[in-house]
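A.B. asks: Pasting start.pdb below, which is PDB, C-alpha atoms.
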ATOM      1  CA  MET V   1      91.794  89.099  79.125  1.00  0.00           C
ATOM      2  CA  ILE V   2      93.416  89.391  82.564  1.00  0.00           C
ATOM      3  CA  LYS V   3      92.709  86.323  84.737  1.00  0.00           C
ATOM      4  CA  ILE V   4      92.342  87.198  88.418  1.00  0.00           C
ATOM      5  CA  ILE V   5      92.292  85.185  91.655  1.00  0.00           C
ATOM      6  CA  MET V   6      90.219  87.059  94.244  1.00  0.00           C
ATOM      7  CA  TYR V   7      91.589  86.421  97.751  1.00  0.00           C
ATOM      8  CA  GLY V   8      88.865  87.209 100.272  1.00  0.00           C
ATOM      9  CA  CYS V   9      86.197  86.804  97.611  1.00  0.00           C
ATOM     10  CA  ASN V  10      83.254  86.439 100.022  1.00  0.00           C
ATOM     11  CA  GLY V  11      84.094  89.505 102.082  1.00  0.00           C
ATOM     12  CA  HIS V  12      82.582  92.920 101.380  1.00  0.00           C
ATOM     13  CA  MET V  13      85.359  94.162  99.089  1.00  0.00           C
ATOM     14  CA  GLY V  14      85.675  90.768  97.415  1.00  0.00           C
ATOM     15  CA  GLN V  15      82.018  90.956  96.446  1.00  0.00           C
ATOM     16  CA  VAL V  16      82.371  94.570  95.306  1.00  0.00           C
ATOM     17  CA  ILE V  17      85.256  93.616  93.022  1.00  0.00           C
ATOM     18  CA  SER V  18      83.403  90.549  91.746  1.00  0.00           C
ATOM     19  CA  GLY V  19      80.551  92.850  90.724  1.00  0.00           C
ATOM     20  CA  LEU V  20      82.870  95.340  89.035  1.00  0.00           C
ATOM     21  CA  ILE V  21      84.677  92.677  87.027  1.00  0.00           C
ATOM     22  CA  LYS V  22      81.437  91.140  85.764  1.00  0.00           C
ATOM     23  CA  ASP V  23      81.046  94.263  83.625  1.00  0.00           C
ATOM     24  CA  ASP V  24      84.724  94.580  82.681  1.00  0.00           C
ATOM     25  CA  PRO V  25      85.592  93.269  79.197  1.00  0.00           C
ATOM     26  CA  GLU V  26      89.317  93.260  80.015  1.00  0.00           C
ATOM     27  CA  ALA V  27      89.292  91.082  83.134  1.00  0.00           C
ATOM     28  CA  GLU V  28      87.668  88.028  84.701  1.00  0.00           C
ATOM     29  CA  ILE V  29      87.846  86.293  88.078  1.00  0.00           C
ATOM     30  CA  VAL V  30      88.845  82.675  87.499  1.00  0.00           C
ATOM     31  CA  ALA V  31      88.989  81.587  91.160  1.00  0.00           C
ATOM     32  CA  GLY V  32      88.340  82.849  94.655  1.00  0.00           C
ATOM     33  CA  ILE V  33      89.923  82.145  98.049  1.00  0.00           C
ATOM     34  CA  ASP V  34      87.974  82.462 101.308  1.00  0.00           C
ATOM     35  CA  VAL V  35      87.674  80.651 104.616  1.00  0.00           C
ATOM     36  CA  VAL V  36      83.893  80.759 104.136  1.00  0.00           C
ATOM     37  CA  ASP V  37      82.538  79.077 101.006  1.00  0.00           C
ATOM     38  CA  ASP V  38      78.812  79.773 101.168  1.00  0.00           C
ATOM     39  CA  ARG V  39      78.148  81.726  97.952  1.00  0.00           C
ATOM     40  CA  ASP V  40      77.677  80.889  94.298  1.00  0.00           C
ATOM     41  CA  ASN V  41      80.112  83.367  92.787  1.00  0.00           C
ATOM     42  CA  GLY V  42      80.204  81.900  89.317  1.00  0.00           C
ATOM     43  CA  TYR V  43      83.814  80.792  89.801  1.00  0.00           C
ATOM     44  CA  PRO V  44      85.449  78.071  91.942  1.00  0.00           C
ATOM     45  CA  VAL V  45      86.251  79.010  95.537  1.00  0.00           C
ATOM     46  CA  PHE V  46      89.047  77.383  97.569  1.00  0.00           C
ATOM     47  CA  THR V  47      89.346  77.595 101.354  1.00  0.00           C
ATOM     48  CA  ASP V  48      93.137  77.123 101.094  1.00  0.00           C
ATOM     49  CA  ILE V  49      95.105  79.031  98.470  1.00  0.00           C
ATOM     50  CA  GLN V  50      97.670  76.231  98.294  1.00  0.00           C
ATOM     51  CA  ALA V  51      94.912  74.003  96.855  1.00  0.00           C
ATOM     52  CA  CYS V  52      94.115  76.461  94.050  1.00  0.00           C
ATOM     53  CA  ASP V  53      95.155  74.887  90.745  1.00  0.00           C
ATOM     54  CA  VAL V  54      93.564  77.464  88.430  1.00  0.00           C
ATOM     55  CA  ASP V  55      95.853  79.339  86.026  1.00  0.00           C
ATOM     56  CA  ALA V  56      95.825  83.095  86.655  1.00  0.00           C
ATOM     57  CA  ASP V  57      97.724  86.276  85.785  1.00  0.00           C
ATOM     58  CA  VAL V  58      97.394  88.123  89.102  1.00  0.00           C
ATOM     59  CA  VAL V  59      95.956  87.879  92.631  1.00  0.00           C
ATOM     60  CA  ILE V  60      93.942  90.671  94.289  1.00  0.00           C
ATOM     61  CA  ASP V  61      94.074  90.344  98.081  1.00  0.00           C
ATOM     62  CA  PHE V  62      91.416  91.858 100.330  1.00  0.00           C
ATOM     63  CA  SER V  63      91.722  89.265 103.080  1.00  0.00           C
ATOM     64  CA  SER V  64      93.408  89.668 106.477  1.00  0.00           C
ATOM     65  CA  PRO V  65      96.976  90.076 107.739  1.00  0.00           C
ATOM     66  CA  GLN V  66      96.896  86.483 109.004  1.00  0.00           C
ATOM     67  CA  ALA V  67      96.614  85.232 105.417  1.00  0.00           C
ATOM     68  CA  LEU V  68      99.637  87.143 104.135  1.00  0.00           C
ATOM     69  CA  GLN V  69     102.390  84.528 104.509  1.00  0.00           C
ATOM     70  CA  GLY V  70     100.462  81.809 102.692  1.00  0.00           C
ATOM     71  CA  LEU V  71      99.600  84.233  99.911  1.00  0.00           C
ATOM     72  CA  LEU V  72     103.198  85.356  99.443  1.00  0.00           C
ATOM     73  CA  ASP V  73     104.457  81.746  99.420  1.00  0.00           C
ATOM     74  CA  TYR V  74     101.877  80.843  96.769  1.00  0.00           C
ATOM     75  CA  CYS V  75     102.624  83.844  94.546  1.00  0.00           C
ATOM     76  CA  VAL V  76     106.379  83.317  94.695  1.00  0.00           C
ATOM     77  CA  LYS V  77     106.019  79.596  93.943  1.00  0.00           C
ATOM     78  CA  LYS V  78     103.570  80.109  91.070  1.00  0.00           C
ATOM     79  CA  GLN V  79     105.186  83.377  89.906  1.00  0.00           C
ATOM     80  CA  ILE V  80     101.827  85.171  90.010  1.00  0.00           C
ATOM     81  CA  PRO V  81     101.908  88.927  90.788  1.00  0.00           C
ATOM     82  CA  ALA V  82      99.822  90.161  93.724  1.00  0.00           C
ATOM     83  CA  VAL V  83      97.924  93.367  94.492  1.00  0.00           C
ATOM     84  CA  LEU V  84      97.896  93.591  98.293  1.00  0.00           C
ATOM     85  CA  CYS V  85      95.006  95.597  99.747  1.00  0.00           C
ATOM     86  CA  ALA V  86      94.794  94.204 103.294  1.00  0.00           C
ATOM     87  CA  THR V  87      95.360  96.756 106.062  1.00  0.00           C
ATOM     88  CA  GLY V  88      96.805  96.468 109.566  1.00  0.00           C
ATOM     89  CA  LEU V  89     100.107  94.872 108.522  1.00  0.00           C
ATOM     90  CA  ASN V  90     102.966  95.050 111.012  1.00  0.00           C
ATOM     91  CA  GLU V  91     106.621  95.870 110.337  1.00  0.00           C
ATOM     92  CA  GLU V  92     107.603  92.198 110.100  1.00  0.00           C
ATOM     93  CA  GLN V  93     104.927  91.540 107.495  1.00  0.00           C
ATOM     94  CA  LEU V  94     105.924  94.621 105.493  1.00  0.00           C
ATOM     95  CA  ALA V  95     109.495  93.304 105.475  1.00  0.00           C
ATOM     96  CA  LYS V  96     108.256  89.954 104.156  1.00  0.00           C
ATOM     97  CA  ILE V  97     106.396  91.747 101.362  1.00  0.00           C
ATOM     98  CA  GLU V  98     109.547  93.607 100.388  1.00  0.00           C
ATOM     99  CA  ASP V  99     111.505  90.354 100.384  1.00  0.00           C
ATOM    100  CA  ALA V 100     108.881  88.620  98.204  1.00  0.00           C
ATOM    101  CA  SER V 101     108.945  91.528  95.755  1.00  0.00           C
ATOM    102  CA  LYS V 102     112.510  90.571  94.854  1.00  0.00           C
ATOM    103  CA  ARG V 103     111.118  87.360  93.360  1.00  0.00           C
ATOM    104  CA  VAL V 104     107.658  88.320  92.064  1.00  0.00           C
ATOM    105  CA  ALA V 105     105.761  91.517  91.217  1.00  0.00           C
ATOM    106  CA  ILE V 106     103.997  92.982  94.276  1.00  0.00           C
ATOM    107  CA  LEU V 107     101.871  96.137  94.478  1.00  0.00           C
ATOM    108  CA  LYS V 108     101.029  97.605  97.878  1.00  0.00           C
ATOM    109  CA  SER V 109      99.464 101.000  98.577  1.00  0.00           C
ATOM    110  CA  ALA V 110      98.100 102.856 101.619  1.00  0.00           C
ATOM    111  CA  ASN V 111      94.992 103.667  99.579  1.00  0.00           C
ATOM    112  CA  MET V 112      93.793 101.986  96.385  1.00  0.00           C
ATOM    113  CA  SER V 113      91.669 104.921  95.201  1.00  0.00           C
ATOM    114  CA  LEU V 114      92.815 106.360  91.868  1.00  0.00           C
ATOM    115  CA  GLY V 115      91.652 109.800  93.001  1.00  0.00           C
ATOM    116  CA  VAL V 116      93.632 109.721  96.249  1.00  0.00           C
ATOM    117  CA  ASN V 117      96.760 108.627  94.434  1.00  0.00           C
ATOM    118  CA  MET V 118      96.372 111.430  91.923  1.00  0.00           C
ATOM    119  CA  LEU V 119      95.949 113.809  94.890  1.00  0.00           C
ATOM    120  CA  LEU V 120      99.217 112.548  96.385  1.00  0.00           C
ATOM    121  CA  ARG V 121     100.982 113.659  93.224  1.00  0.00           C
ATOM    122  CA  ILE V 122      99.203 117.005  92.825  1.00  0.00           C
ATOM    123  CA  ILE V 123      99.877 118.234  96.358  1.00  0.00           C
ATOM    124  CA  GLN V 124     103.613 117.760  95.927  1.00  0.00           C
ATOM    125  CA  ASP V 125     103.624 120.270  93.093  1.00  0.00           C
ATOM    126  CA  ALA V 126     101.478 122.616  95.188  1.00  0.00           C
ATOM    127  CA  ALA V 127     103.773 122.312  98.212  1.00  0.00           C
ATOM    128  CA  LYS V 128     106.859 123.202  96.191  1.00  0.00           C
ATOM    129  CA  VAL V 129     105.216 126.494  95.241  1.00  0.00           C
ATOM    130  CA  LEU V 130     103.005 127.385  98.208  1.00  0.00           C
ATOM    131  CA  ALA V 131     105.024 126.106 101.176  1.00  0.00           C
ATOM    132  CA  HIS V 132     108.100 127.827  99.802  1.00  0.00           C
ATOM    133  CA  ALA V 133     106.005 131.009  99.697  1.00  0.00           C
ATOM    134  CA  GLY V 134     105.193 130.698 103.410  1.00  0.00           C
ATOM    135  CA  PHE V 135     101.852 128.859 103.314  1.00  0.00           C
ATOM    136  CA  ASP V 136     101.066 126.577 106.263  1.00  0.00           C
ATOM    137  CA  MET V 137     100.036 122.992 105.485  1.00  0.00           C
ATOM    138  CA  GLU V 138      97.318 121.042 107.290  1.00  0.00           C
ATOM    139  CA  VAL V 139      95.619 117.697 106.621  1.00  0.00           C
ATOM    140  CA  VAL V 140      92.058 117.088 107.852  1.00  0.00           C
ATOM    141  CA  GLU V 141      90.438 113.666 107.511  1.00  0.00           C
ATOM    142  CA  LYS V 142      86.891 112.507 108.247  1.00  0.00           C
ATOM    143  CA  HIS V 143      85.666 108.934 108.663  1.00  0.00           C
ATOM    144  CA  HIS V 144      82.748 106.959 110.072  1.00  0.00           C
ATOM    145  CA  ARG V 145      82.269 106.624 113.804  1.00  0.00           C
ATOM    146  CA  LEU V 146      83.491 102.986 113.889  1.00  0.00           C
ATOM    147  CA  LYS V 147      86.969 103.671 112.536  1.00  0.00           C
ATOM    148  CA  LYS V 148      89.461 103.000 115.328  1.00  0.00           C
ATOM    149  CA  ASP V 149      92.759 104.420 114.085  1.00  0.00           C
ATOM    150  CA  ALA V 150      93.443 108.145 113.847  1.00  0.00           C
ATOM    151  CA  PRO V 151      94.765 109.792 111.841  1.00  0.00           C
ATOM    152  CA  SER V 152      93.941 107.566 108.900  1.00  0.00           C
ATOM    153  CA  GLY V 153      96.625 105.846 106.878  1.00  0.00           C
ATOM    154  CA  THR V 154      95.669 108.011 103.925  1.00  0.00           C
ATOM    155  CA  ALA V 155      96.074 111.209 105.974  1.00  0.00           C
ATOM    156  CA  LEU V 156      99.558 110.069 106.960  1.00  0.00           C
ATOM    157  CA  ALA V 157     100.350 109.259 103.321  1.00  0.00           C
ATOM    158  CA  LEU V 158      99.243 112.767 102.339  1.00  0.00           C
ATOM    159  CA  ALA V 159     101.424 114.305 105.031  1.00  0.00           C
ATOM    160  CA  ASP V 160     104.349 112.136 103.935  1.00  0.00           C
ATOM    161  CA  SER V 161     103.841 113.275 100.346  1.00  0.00           C
ATOM    162  CA  LEU V 162     103.949 116.929 101.419  1.00  0.00           C
ATOM    163  CA  ASN V 163     107.007 116.360 103.576  1.00  0.00           C
ATOM    164  CA  GLU V 164     108.818 114.495 100.817  1.00  0.00           C
ATOM    165  CA  ALA V 165     108.278 117.438  98.489  1.00  0.00           C
ATOM    166  CA  MET V 166     109.865 119.708 101.113  1.00  0.00           C
ATOM    167  CA  GLY V 167     112.924 117.575 101.730  1.00  0.00           C
ATOM    168  CA  SER V 168     111.508 115.984 104.911  1.00  0.00           C
ATOM    169  CA  ALA V 169     112.063 119.244 106.800  1.00  0.00           C
ATOM    170  CA  TYR V 170     108.654 119.243 108.538  1.00  0.00           C
ATOM    171  CA  ARG V 171     107.399 117.586 111.715  1.00  0.00           C
ATOM    172  CA  TYR V 172     103.861 116.337 112.333  1.00  0.00           C
ATOM    173  CA  VAL V 173     101.544 117.783 114.981  1.00  0.00           C
ATOM    174  CA  TYR V 174      98.534 115.666 115.947  1.00  0.00           C
ATOM    175  CA  ASP V 175      97.043 117.590 118.864  1.00  0.00           C
ATOM    176  CA  ARG V 176      97.208 121.304 119.638  1.00  0.00           C
ATOM    177  CA  SER V 177      94.886 121.222 122.655  1.00  0.00           C
ATOM    178  CA  GLN V 178      97.740 121.188 125.184  1.00  0.00           C
ATOM    179  CA  ARG V 179      99.909 123.708 123.379  1.00  0.00           C
ATOM    180  CA  LYS V 180      99.700 127.381 124.303  1.00  0.00           C
ATOM    181  CA  GLU V 181     101.914 128.726 121.577  1.00  0.00           C
ATOM    182  CA  ALA V 182     101.784 129.963 118.004  1.00  0.00           C
ATOM    183  CA  ARG V 183     102.066 127.532 115.133  1.00  0.00           C
ATOM    184  CA  GLY V 184     105.606 126.735 114.045  1.00  0.00           C
ATOM    185  CA  ASP V 185     106.879 127.275 110.519  1.00  0.00           C
ATOM    186  CA  LYS V 186     107.921 123.670 109.861  1.00  0.00           C
ATOM    187  CA  GLU V 187     104.752 121.875 110.970  1.00  0.00           C
ATOM    188  CA  ILE V 188     102.180 119.757 109.192  1.00  0.00           C
ATOM    189  CA  GLY V 189      99.056 119.459 111.305  1.00  0.00           C
ATOM    190  CA  LEU V 190      96.870 116.361 111.094  1.00  0.00           C
ATOM    191  CA  SER V 191      93.301 116.413 112.399  1.00  0.00           C
ATOM    192  CA  ALA V 192      90.755 113.579 112.567  1.00  0.00           C
ATOM    193  CA  VAL V 193      86.943 113.730 112.613  1.00  0.00           C
ATOM    194  CA  ARG V 194      84.859 110.645 113.463  1.00  0.00           C
ATOM    195  CA  GLY V 195      81.111 110.449 113.018  1.00  0.00           C
ATOM    196  CA  GLY V 196      78.134 108.882 111.296  1.00  0.00           C
ATOM    197  CA  SER V 197      78.767 106.825 108.189  1.00  0.00           C
ATOM    198  CA  ILE V 198      81.368 108.980 106.428  1.00  0.00           C
ATOM    199  CA  VAL V 199      83.246 106.636 104.077  1.00  0.00           C
ATOM    200  CA  GLY V 200      86.294 108.876 103.832  1.00  0.00           C
ATOM    201  CA  GLU V 201      87.060 112.542 103.217  1.00  0.00           C
ATOM    202  CA  HIS V 202      90.474 114.181 103.098  1.00  0.00           C
ATOM    203  CA  ASP V 203      91.360 117.867 102.802  1.00  0.00           C
ATOM    204  CA  VAL V 204      94.873 119.209 102.264  1.00  0.00           C
ATOM    205  CA  ILE V 205      94.897 122.866 103.241  1.00  0.00           C
ATOM    206  CA  PHE V 206      97.494 125.447 102.230  1.00  0.00           C
ATOM    207  CA  ALA V 207      96.844 128.528 104.374  1.00  0.00           C
ATOM    208  CA  GLY V 208      98.766 131.649 103.472  1.00  0.00           C
ATOM    209  CA  PRO V 209      98.499 135.382 104.062  1.00  0.00           C
ATOM    210  CA  ASP V 210      95.032 136.453 102.929  1.00  0.00           C
ATOM    211  CA  GLU V 211      94.317 133.313 100.863  1.00  0.00           C
ATOM    212  CA  VAL V 212      93.677 129.607 101.330  1.00  0.00           C
ATOM    213  CA  VAL V 213      94.016 126.804  98.778  1.00  0.00           C
ATOM    214  CA  THR V 214      92.329 123.463  99.579  1.00  0.00           C
ATOM    215  CA  PHE V 215      92.613 120.159  97.727  1.00  0.00           C
ATOM    216  CA  SER V 216      89.846 117.701  98.627  1.00  0.00           C
ATOM    217  CA  HIS V 217      88.933 114.092  97.992  1.00  0.00           C
ATOM    218  CA  ALA V 218      85.724 112.356  99.085  1.00  0.00           C
ATOM    219  CA  SER V 219      84.821 108.671  98.841  1.00  0.00           C
ATOM    220  CA  TYR V 220      81.095 107.951  98.671  1.00  0.00           C
ATOM    221  CA  SER V 221      81.433 104.166  98.704  1.00  0.00           C
ATOM    222  CA  LYS V 222      84.128 101.535  99.032  1.00  0.00           C
ATOM    223  CA  ALA V 223      83.714 100.795  95.336  1.00  0.00           C
ATOM    224  CA  VAL V 224      86.437 103.385  94.633  1.00  0.00           C
ATOM    225  CA  PHE V 225      88.961 101.100  96.341  1.00  0.00           C
ATOM    226  CA  GLY V 226      87.732  98.128  94.321  1.00  0.00           C
ATOM    227  CA  LYS V 227      88.023 100.043  91.051  1.00  0.00           C
ATOM    228  CA  GLY V 228      91.574 101.029  91.928  1.00  0.00           C
ATOM    229  CA  ALA V 229      92.473  97.431  92.804  1.00  0.00           C
ATOM    230  CA  VAL V 230      91.173  96.196  89.443  1.00  0.00           C
ATOM    231  CA  GLU V 231      93.170  98.840  87.566  1.00  0.00           C
ATOM    232  CA  ALA V 232      96.236  97.873  89.614  1.00  0.00           C
ATOM    233  CA  ALA V 233      95.737  94.206  88.709  1.00  0.00           C
ATOM    234  CA  LYS V 234      95.589  95.048  85.004  1.00  0.00           C
ATOM    235  CA  PHE V 235      98.775  97.068  85.361  1.00  0.00           C
ATOM    236  CA  LEU V 236     100.653  94.429  87.364  1.00  0.00           C
ATOM    237  CA  ALA V 237      99.862  91.369  85.222  1.00  0.00           C
ATOM    238  CA  GLY V 238     102.986  90.345  83.339  1.00  0.00           C
ATOM    239  CA  LYS V 239     105.297  92.725  85.214  1.00  0.00           C
ATOM    240  CA  PRO V 240     108.750  91.551  86.353  1.00  0.00           C
ATOM    241  CA  ALA V 241     109.587  91.141  90.038  1.00  0.00           C
ATOM    242  CA  GLY V 242     109.551  94.398  91.962  1.00  0.00           C
ATOM    243  CA  TYR V 243     107.756  96.481  94.599  1.00  0.00           C
ATOM    244  CA  TYR V 244     105.175  98.632  92.808  1.00  0.00           C
ATOM    245  CA  GLN V 245     102.926 101.451  94.039  1.00  0.00           C
ATOM    246  CA  MET V 246      99.633 102.987  92.876  1.00  0.00           C
ATOM    247  CA  SER V 247     101.757 105.906  91.667  1.00  0.00           C
ATOM    248  CA  ASP V 248     103.094 103.515  89.034  1.00  0.00           C
ATOM    249  CA  VAL V 249      99.530 102.699  87.937  1.00  0.00           C
ATOM    250  CA  ILE V 250      98.490 106.326  87.403  1.00  0.00           C
ATOM    251  CA  SER V 251     101.786 107.026  85.610  1.00  0.00           C
ATOM    252  CA  LYS V 252     101.411 104.198  83.094  1.00  0.00           C
TER     253      LYS V 252
END
Would it be possible to restate this file's structure as structure tokens?
C.D. replies:
Amino acid sequence: MIKIIMYGCNGHMGQVISGLIKDDPEAEIVAGIDVVDDRDNGYPVFTDIQACDVDADVVIDFSSPQALQGLLDYCVKKQIPAVLCATGLNEEQLAKIEDASKRVAILKSANMSLGVNMLLRIIQDAAKVLAHAGFDMEVVEKHHRLKKDAPSGTALALADSLNEAMGSAYRYVYDRSQRKEARGDKEIGLSAVRGGSIVGEHDVIFAGPDEVVTFSHASYSKAVFGKGAVEAAKFLAGKPAGYYQMSDVISK
């Protein structure tokens, strides 16, 4: 049984993961961390992670960037691996994560969905065949009307995956509205759609002469990110120090 500390337990994703783990025979949440302690979660909740004295195998973090340093200090001190799911981290914080990973197991991914991470692998194989044959590559992402950043982090990860497969020979184009010229050969276009309550949809398009191949992924609820985080926690528990990715989880 994998013992998990849920950081950000009273937030939306913390509650989603709490619900998922209730029905999981391989894992249990033994403690939660949150600045707001107004729920009966069925496990003890601490407002300060440094006060948590519950034995655990791994921490799942869906809190905020402001909580990162305290979390890393705790995990290094206690030698508890951490699955980091918070978004909006800056370059300094990413450097701190990399430094902590030299002393404890850390897993960080742009997207926790198992499906998206499988897609990242599949499109590399496709690019090596289709792009070499002259197919153009485009990434189109769709999200709800409240999402502020564009393109999404996942869209950028998809583009990076394509570019990596092609030896980083491509450049990214985000807006064609001001360009009065034909598409270049070494371009990956990224387009963003915002509207309604779309949770997240991503299309990777390979457009060639007289045929088009499209790989698609759609999220219908944020539960897919919670499921991926739980699987990552199971994978990471007991691992030696290192910087792990979701690609390691789907390759296990």
A.B. asks: Could you pull the residues within 9 Å of Asp55 in chain V, counting all atoms listed in the file, minus those fewer than 4 positions along the same chain, as a PyMOL selection string?
C.D. replies: chain V and resi 3-5+30-31
A.B. asks: For CA of Ala133 in chain V and CA of His217 in chain V, quote the distance in Å rounded to one decimal.
C.D. replies: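 These atoms are spaced 24.1 Å apart.
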A.B. asks: Mind checking which residues fall within 7 Å of range 135-139 of chain V, counting all atoms listed in the file, ignoring those fewer than 2 positions away in the same chain, and posting them as a list in words?
C.D. replies: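 Within the cut-off, the hits are Leu130, Ala131, Ala133, Glu141, Ala155, Ala159, Ile188, Gly189, Leu190, Ser191, Asp203, Val204, Ile205, Phe206, Ala207 and Gly208 of chain V.
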A.B. asks: Which one of V:Gly153, V:Gly238, V:Pro209, V:Gly167 sits closest to Val59 in chain V if you count only C-alpha atoms?
C.D. replies: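 Smallest distance to Val59 in chain V is found for V:Gly238.
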A.B. asks: Using all atoms listed in the file, which of V:Gly115, V:Gly134, V:Leu146, V:Lys239 sits nearest Glu211 in chain V?
C.D. replies: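 Counting all atoms listed in the file, the residue closest to Glu211 in chain V is V:Gly134.
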A.B. asks: Expand the PyMOL selection byres ((chain V and resi 186) around 7) into the explicit residue set it covers here, and present it as a PDB file with C-alpha atoms, in the coordinates of the input.
C.D. replies:
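Output saved as expr-v2.pdb:
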ATOM      1  CA  ALA V 169     112.063 119.244 106.800  1.00  0.00           C
ATOM      2  CA  TYR V 170     108.654 119.243 108.538  1.00  0.00           C
ATOM      3  CA  ARG V 171     107.399 117.586 111.715  1.00  0.00           C
ATOM      4  CA  GLY V 184     105.606 126.735 114.045  1.00  0.00           C
ATOM      5  CA  ASP V 185     106.879 127.275 110.519  1.00  0.00           C
ATOM      6  CA  GLU V 187     104.752 121.875 110.970  1.00  0.00           C
ATOM      7  CA  ILE V 188     102.180 119.757 109.192  1.00  0.00           C
TER       8      ILE V 188
END
A.B. asks: Is it possible to get the axis-aligned box enclosing range 60-69 of chain V (all listed atoms, 8 Å extra per side) as JSON, with centre and edge lengths in Å rounded to one decimal?
C.D. replies:
{"center_x": 96.9, "center_y": 88.2, "center_z": 101.6, "size_x": 27.0, "size_y": 23.3, "size_z": 30.7}
A.B. asks: Rank nothing, just name the residue among V:Ala241, V:Ser216, V:Lys148, V:Ala67 nearest to Ile122 in chain V, using all atoms listed in the file.
C.D. replies: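 Closest to Ile122 in chain V of all the choices is V:Ser216.
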A.B. asks: Spell out the residues picked by the PyMOL selection byres ((chain V and resi 20) around 12) here, as a JSON list (two decimals) with C-alpha atoms, keeping the file's coordinate frame.
C.D. replies:
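File out_37.json, as written:
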[["chain", "number", "residue", "atom", "x", "y", "z"],
["V", 13, "MET", "CA", 85.36, 94.16, 99.09],
["V", 14, "GLY", "CA", 85.68, 90.77, 97.42],
["V", 15, "GLN", "CA", 82.02, 90.96, 96.45],
["V", 16, "VAL", "CA", 82.37, 94.57, 95.31],
["V", 17, "ILE", "CA", 85.26, 93.62, 93.02],
["V", 18, "SER", "CA", 83.40, 90.55, 91.75],
["V", 19, "GLY", "CA", 80.55, 92.85, 90.72],
["V", 21, "ILE", "CA", 84.68, 92.68, 87.03],
["V", 22, "LYS", "CA", 81.44, 91.14, 85.76],
["V", 23, "ASP", "CA", 81.05, 94.26, 83.62],
["V", 24, "ASP", "CA", 84.72, 94.58, 82.68],
["V", 25, "PRO", "CA", 85.59, 93.27, 79.20],
["V", 26, "GLU", "CA", 89.32, 93.26, 80.02],
["V", 27, "ALA", "CA", 89.29, 91.08, 83.13],
["V", 28, "GLU", "CA", 87.67, 88.03, 84.70],
["V", 29, "ILE", "CA", 87.85, 86.29, 88.08],
["V", 222, "LYS", "CA", 84.13, 101.54, 99.03],
["V", 223, "ALA", "CA", 83.71, 100.80, 95.34],
["V", 224, "VAL", "CA", 86.44, 103.38, 94.63],
["V", 225, "PHE", "CA", 88.96, 101.10, 96.34],
["V", 226, "GLY", "CA", 87.73, 98.13, 94.32],
["V", 227, "LYS", "CA", 88.02, 100.04, 91.05],
["V", 228, "GLY", "CA", 91.57, 101.03, 91.93],
["V", 229, "ALA", "CA", 92.47, 97.43, 92.80],
["V", 230, "VAL", "CA", 91.17, 96.20, 89.44],
["V", 231, "GLU", "CA", 93.17, 98.84, 87.57]]
A.B. asks: Apply the PyMOL selection byres ((chain V and resi 79) around 10) to the file shown and report the selected residues as a ChimeraX atom specification.
C.D. replies: /V:56-58,72-78,80-82,103-105,238,240-241
A.B. asks: Okay, now the selection with C-alpha atoms, as a short mmCIF file (atom, residue, chain, number, x, y, z; two decimals), in the coordinates of the input?
C.D. replies:
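Output saved as part.cif:
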data_model
loop_
_atom_site.label_atom_id
_atom_site.label_comp_id
_atom_site.auth_asym_id
_atom_site.auth_seq_id
_atom_site.Cartn_x
_atom_site.Cartn_y
_atom_site.Cartn_z
CA ALA V 56 95.82 83.10 86.66
CA ASP V 57 97.72 86.28 85.78
CA VAL V 58 97.39 88.12 89.10
CA LEU V 72 103.20 85.36 99.44
CA ASP V 73 104.46 81.75 99.42
CA TYR V 74 101.88 80.84 96.77
CA CYS V 75 102.62 83.84 94.55
CA VAL V 76 106.38 83.32 94.70
CA LYS V 77 106.02 79.60 93.94
CA LYS V 78 103.57 80.11 91.07
CA ILE V 80 101.83 85.17 90.01
CA PRO V 81 101.91 88.93 90.79
CA ALA V 82 99.82 90.16 93.72
CA ARG V 103 111.12 87.36 93.36
CA VAL V 104 107.66 88.32 92.06
CA ALA V 105 105.76 91.52 91.22
CA GLY V 238 102.99 90.34 83.34
CA PRO V 240 108.75 91.55 86.35
CA ALA V 241 109.59 91.14 90.04
#
A.B. asks: CA of Lys142 in chain V to CA of Ser221 in chain V: how many Å, to one decimal?
C.D. replies: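 Between these atoms lies a distance of 13.8 Å.
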A.B. asks: Would you compute the distance between CA of Arg39 in chain V and CA of Phe235 in chain V? Give it in Å to one decimal.
C.D. replies: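 So the two atoms, CA of Arg39 in chain V and CA of Phe235 in chain V, lie 28.6 Å apart.
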A.B. asks: If we count all atoms listed in the file, what is near Ala232 in chain V at a cut-off of 8 Å, once residues fewer than 5 positions away on the same chain are taken out, given as a list in words?
C.D. replies: Val83, Leu107, Met246 and Val249 of chain V
A.B. asks: Identify, on the basis of only C-alpha atoms, every residue whose closest approach to Val193 in chain V does not exceed 10 Å; exclude the query and any residue fewer than 4 positions from it along the same chain; express the result as a list in words.
C.D. replies: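 That gives Val140, Glu141, Lys142, His143, His144, Arg145, Ala150, Pro151, Ile198 and Glu201 of chain V.
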A.B. asks: Just give me the residues with any atom within 9 Å of (104.6, 117.4, 98.7), file coordinates, counting all atoms listed in the file, written as a list in words.
C.D. replies: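 The residues that fall inside the cut-off are Leu120, Arg121, Ile122, Ile123, Gln124, Asp125, Ala126, Ala127, Lys128, Leu158, Ala159, Asp160, Ser161, Leu162, Asn163, Glu164, Ala165, Met166 and Gly167 of chain V.
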A.B. asks: For Asn117 in chain V, which residue among V:Asp248, V:Glu181, V:Asp175, V:Asp210 is the nearest when counting only C-alpha atoms?
C.D. replies: V:Asp248
A.B. asks: Near Ser64 in chain V, counting only C-alpha atoms, which residues have an atom at most 8 Å away, once you skip same-chain residues fewer than 2 positions from it, shown as a PyMOL selection string?
C.D. replies: chain V and resi 62+66-68+86-87
A.B. asks: Using only C-alpha atoms, which residue out of V:His12, V:Lys108, V:Lys102, V:Lys147 lies closest to Arg194 in chain V?
C.D. replies: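 For Arg194 in chain V, the nearest of the candidates is V:Lys147.
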